[in-house]
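Heads up: the structure comes next, in C-alpha coordinates.
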Amino acid sequence: MEASARLYTLSYSEAKTYMWAAIFVACNLVLPQVFHLIPQGGIIFAPLSLVILAGAYKLGWRVGLIAALASPLVNHLLTGMPEWNVLPVMTFKLVALALVAGFTAQHFKLVTLPLLIGVVLVAELIGGLGELALTGGIEATVQDFTVGWPGLLLQVIGAYLFCKFTS
(Lines give C-alpha, C1' and ligand atoms only; values in the text may rest on other atoms or scores of the structure.)
Protein backbone atom coordinates (compact mmCIF):
# COMPACT_ATOMS: atom_id res chain seq x y z
CA MET A 1 0.00 0.00 0.00
CA GLU A 2 1.31 3.38 -0.98
CA ALA A 3 -0.06 6.59 0.41
CA SER A 4 -0.19 9.85 -1.39
CA ALA A 5 0.94 12.04 1.46
CA ARG A 6 2.76 15.26 2.08
CA LEU A 7 6.05 14.74 3.84
CA TYR A 8 8.08 17.62 5.23
CA THR A 9 11.67 18.25 6.22
CA LEU A 10 11.51 21.09 8.70
CA SER A 11 14.72 22.93 9.57
CA TYR A 12 16.05 24.06 12.93
CA SER A 13 15.39 27.69 11.97
CA GLU A 14 11.62 27.14 11.71
CA ALA A 15 9.41 27.68 14.75
CA LYS A 16 7.19 24.83 13.49
CA THR A 17 10.04 22.40 14.17
CA TYR A 18 9.98 23.17 17.88
CA MET A 19 6.21 23.43 18.05
CA TRP A 20 5.79 19.96 16.53
CA ALA A 21 8.56 18.51 18.66
CA ALA A 22 6.82 19.88 21.77
CA ILE A 23 3.51 18.38 20.62
CA PHE A 24 5.17 14.98 20.16
CA VAL A 25 6.83 15.21 23.59
CA ALA A 26 3.41 16.01 25.09
CA CYS A 27 1.90 13.03 23.26
CA ASN A 28 4.72 10.95 24.66
CA LEU A 29 3.69 12.02 28.16
CA VAL A 30 0.06 10.99 27.67
CA LEU A 31 0.28 7.83 25.55
CA PRO A 32 2.50 5.85 27.93
CA GLN A 33 0.09 6.58 30.77
CA VAL A 34 -2.72 5.08 28.70
CA PHE A 35 -0.72 2.04 27.63
CA HIS A 36 0.56 1.43 31.17
CA LEU A 37 -3.05 0.73 32.19
CA ILE A 38 -2.57 -2.56 30.33
CA PRO A 39 -0.33 -5.04 32.19
CA GLN A 40 3.14 -4.72 30.60
CA GLY A 41 1.59 -2.28 28.13
CA GLY A 42 4.72 -0.16 27.86
CA ILE A 43 6.85 -3.17 26.96
CA ILE A 44 4.29 -4.63 24.56
CA PHE A 45 3.29 -1.45 22.72
CA ALA A 46 6.32 0.91 23.00
CA PRO A 47 4.17 4.06 22.72
CA LEU A 48 7.14 6.45 22.62
CA SER A 49 8.38 4.75 19.46
CA LEU A 50 5.02 5.13 17.72
CA VAL A 51 5.04 8.90 18.17
CA ILE A 52 8.72 9.29 17.21
CA LEU A 53 8.31 7.19 14.06
CA ALA A 54 5.20 9.06 12.92
CA GLY A 55 6.66 12.48 13.68
CA ALA A 56 10.07 11.90 12.12
CA TYR A 57 8.62 10.30 9.00
CA LYS A 58 6.02 13.02 8.46
CA LEU A 59 7.94 16.13 9.55
CA GLY A 60 11.59 15.20 9.18
CA TRP A 61 14.51 13.91 11.15
CA ARG A 62 15.08 17.18 13.04
CA VAL A 63 11.61 17.14 14.61
CA GLY A 64 12.05 13.44 15.34
CA LEU A 65 15.49 13.96 16.84
CA ILE A 66 14.36 16.72 19.20
CA ALA A 67 11.36 14.66 20.32
CA ALA A 68 13.49 11.50 20.66
CA LEU A 69 16.01 13.27 22.88
CA ALA A 70 13.44 15.12 24.98
CA SER A 71 10.65 12.55 25.40
CA PRO A 72 12.40 9.97 27.60
CA LEU A 73 14.03 12.65 29.75
CA VAL A 74 10.82 14.66 30.24
CA ASN A 75 8.93 11.43 30.99
CA HIS A 76 11.55 10.41 33.52
CA LEU A 77 11.55 13.80 35.23
CA LEU A 78 7.75 14.02 35.44
CA THR A 79 6.73 10.37 35.93
CA GLY A 80 9.86 8.47 36.95
CA MET A 81 9.57 6.33 33.82
CA PRO A 82 11.65 5.14 32.16
CA GLU A 83 13.91 4.29 35.06
CA TRP A 84 17.22 6.14 35.14
CA ASN A 85 19.28 3.07 34.21
CA VAL A 86 17.11 2.46 31.11
CA LEU A 87 17.17 6.08 29.94
CA PRO A 88 20.40 5.97 27.83
CA VAL A 89 19.39 2.84 25.93
CA MET A 90 15.83 4.04 25.33
CA THR A 91 17.09 7.43 24.16
CA PHE A 92 19.59 5.78 21.81
CA LYS A 93 16.88 3.55 20.32
CA LEU A 94 14.49 6.49 19.82
CA VAL A 95 17.23 8.61 18.23
CA ALA A 96 18.06 5.75 15.85
CA LEU A 97 14.37 5.41 14.95
CA ALA A 98 13.99 9.17 14.37
CA LEU A 99 17.05 9.37 12.13
CA VAL A 100 16.25 6.26 10.10
CA ALA A 101 12.61 7.36 9.67
CA GLY A 102 13.42 10.94 8.77
CA PHE A 103 16.17 10.10 6.29
CA THR A 104 14.09 7.34 4.68
CA ALA A 105 11.13 9.68 4.17
CA GLN A 106 13.42 12.42 2.86
CA HIS A 107 15.07 10.02 0.39
CA PHE A 108 12.05 8.13 -0.92
CA LYS A 109 9.46 10.93 -0.54
CA LEU A 110 6.59 8.47 -0.17
CA VAL A 111 4.85 6.44 2.49
CA THR A 112 4.47 2.69 2.05
CA LEU A 113 4.00 -0.13 4.51
CA PRO A 114 7.17 -1.92 3.25
CA LEU A 115 9.23 1.25 3.77
CA LEU A 116 7.86 1.68 7.29
CA ILE A 117 8.51 -2.00 8.09
CA GLY A 118 12.06 -1.52 6.84
CA VAL A 119 12.50 1.60 8.97
CA VAL A 120 11.34 -0.21 12.10
CA LEU A 121 13.54 -3.25 11.42
CA VAL A 122 16.67 -1.19 10.64
CA ALA A 123 16.10 1.00 13.70
CA GLU A 124 15.63 -2.12 15.86
CA LEU A 125 18.91 -3.53 14.53
CA ILE A 126 20.79 -0.28 15.21
CA GLY A 127 19.09 0.02 18.61
CA GLY A 128 20.01 -3.56 19.47
CA LEU A 129 23.65 -2.96 18.57
CA GLY A 130 23.60 0.23 20.64
CA GLU A 131 22.06 -1.62 23.56
CA LEU A 132 24.73 -4.29 23.30
CA ALA A 133 27.44 -1.61 23.34
CA LEU A 134 25.87 0.32 26.25
CA THR A 135 24.84 -2.58 28.49
CA GLY A 136 26.62 -5.69 27.27
CA GLY A 137 23.23 -7.37 26.85
CA ILE A 138 20.64 -7.54 24.16
CA GLU A 139 17.72 -8.99 26.14
CA ALA A 140 15.43 -5.97 25.75
CA THR A 141 15.93 -5.93 21.98
CA VAL A 142 15.03 -9.61 21.75
CA GLN A 143 12.04 -8.81 23.96
CA ASP A 144 11.03 -6.09 21.46
CA PHE A 145 10.32 -8.91 18.99
CA THR A 146 9.08 -11.68 21.28
CA VAL A 147 6.82 -9.65 23.58
CA GLY A 148 6.68 -6.34 21.75
CA TRP A 149 5.65 -7.46 18.27
CA PRO A 150 2.18 -5.88 18.70
CA GLY A 151 3.93 -2.56 19.34
CA LEU A 152 6.10 -2.93 16.25
CA LEU A 153 2.97 -3.61 14.22
CA LEU A 154 1.21 -0.65 15.84
CA GLN A 155 4.18 1.59 14.97
CA VAL A 156 4.03 0.67 11.30
CA ILE A 157 0.25 0.96 10.94
CA GLY A 158 -0.03 4.04 13.17
CA ALA A 159 2.75 5.90 11.35
CA TYR A 160 1.26 4.95 7.99
CA LEU A 161 -2.17 6.28 8.99
CA PHE A 162 -0.69 9.43 10.56
CA CYS A 163 1.33 10.21 7.45
CA LYS A 164 -1.53 9.43 5.11
CA PHE A 165 -4.33 11.29 6.90
CA THR A 166 -2.59 14.42 8.18
CA SER A 167 -1.75 17.31 5.91
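Please note that chains go A, B, ... in the order of the C-alpha coordinates, that every chain numbers its residues from 1, and that ligands are numbered from 1 in the order shown.
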
Handout entry: Near-A:Gln155 list (10 Å; only C-alpha atoms; drop same-chain fewer than 2 positions) as a PyMOL selection string
Key = chain A and resi 45-54+116-117+120+149-153+157-161

Exercise for the section: Please provide the set of residues having any atom within 9 Å of A:Pro72, restricted to only C-alpha atoms, with same-chain residues fewer than 2 positions apart removed, written as a ChimeraX atom specification. Expected result: /A:25,28-29,48,67-70,74-77,81-82,87-88,90-91,94

Practice task
Would you return as a PyMOL selection string the members of chain A that DSSP assigns to alpha helix (DSSP H) on this structure's backbone?
Solution key: chain A and resi 15-35+41-45+47-59+61-79+87-108+113-135+139-146+149-165

Practice task
Find the residues around stretch 122-132 of chain A up to 9 Å (only C-alpha atoms counted), leave out those fewer than 2 positions away in its own chain, and share them as number ranges by chain.
Solution key: A: 88-90, 92-101, 117-120, 134-142, 144

Problem - Separation of atom CA of A:His107 from atom CA of A:Leu121, in Å and rounded to one decimal - result: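 Atom-to-atom, atom CA of A:His107 to atom CA of A:Leu121, that is 17.3 Å.
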
Exercise for the section: Check the smallest atom-to-atom distance from each of A:Ile38, A:Ile44, A:Cys27, A:Cys163 to A:Lys109 using only C-alpha atoms, then report the winner. Expected result: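 Distance minimum relative to A:Lys109 lands on A:Cys163.
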
Exercise for the section: Between atom CA of A:Gly41 and atom CA of A:Leu73, measure the distance and give it in Å to one decimal. Expected result: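 For atom CA of A:Gly41 relative to atom CA of A:Leu73, the distance reads 19.5 Å.
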
Exercise for the section: Name the residues in contact with stretch 8-20 of chain A at a cut-off of 7 Å, using only C-alpha atoms, excluding same-chain residues fewer than 5 positions from it; report them as a ChimeraX atom specification. Expected result: /A:58-60,62-63,106
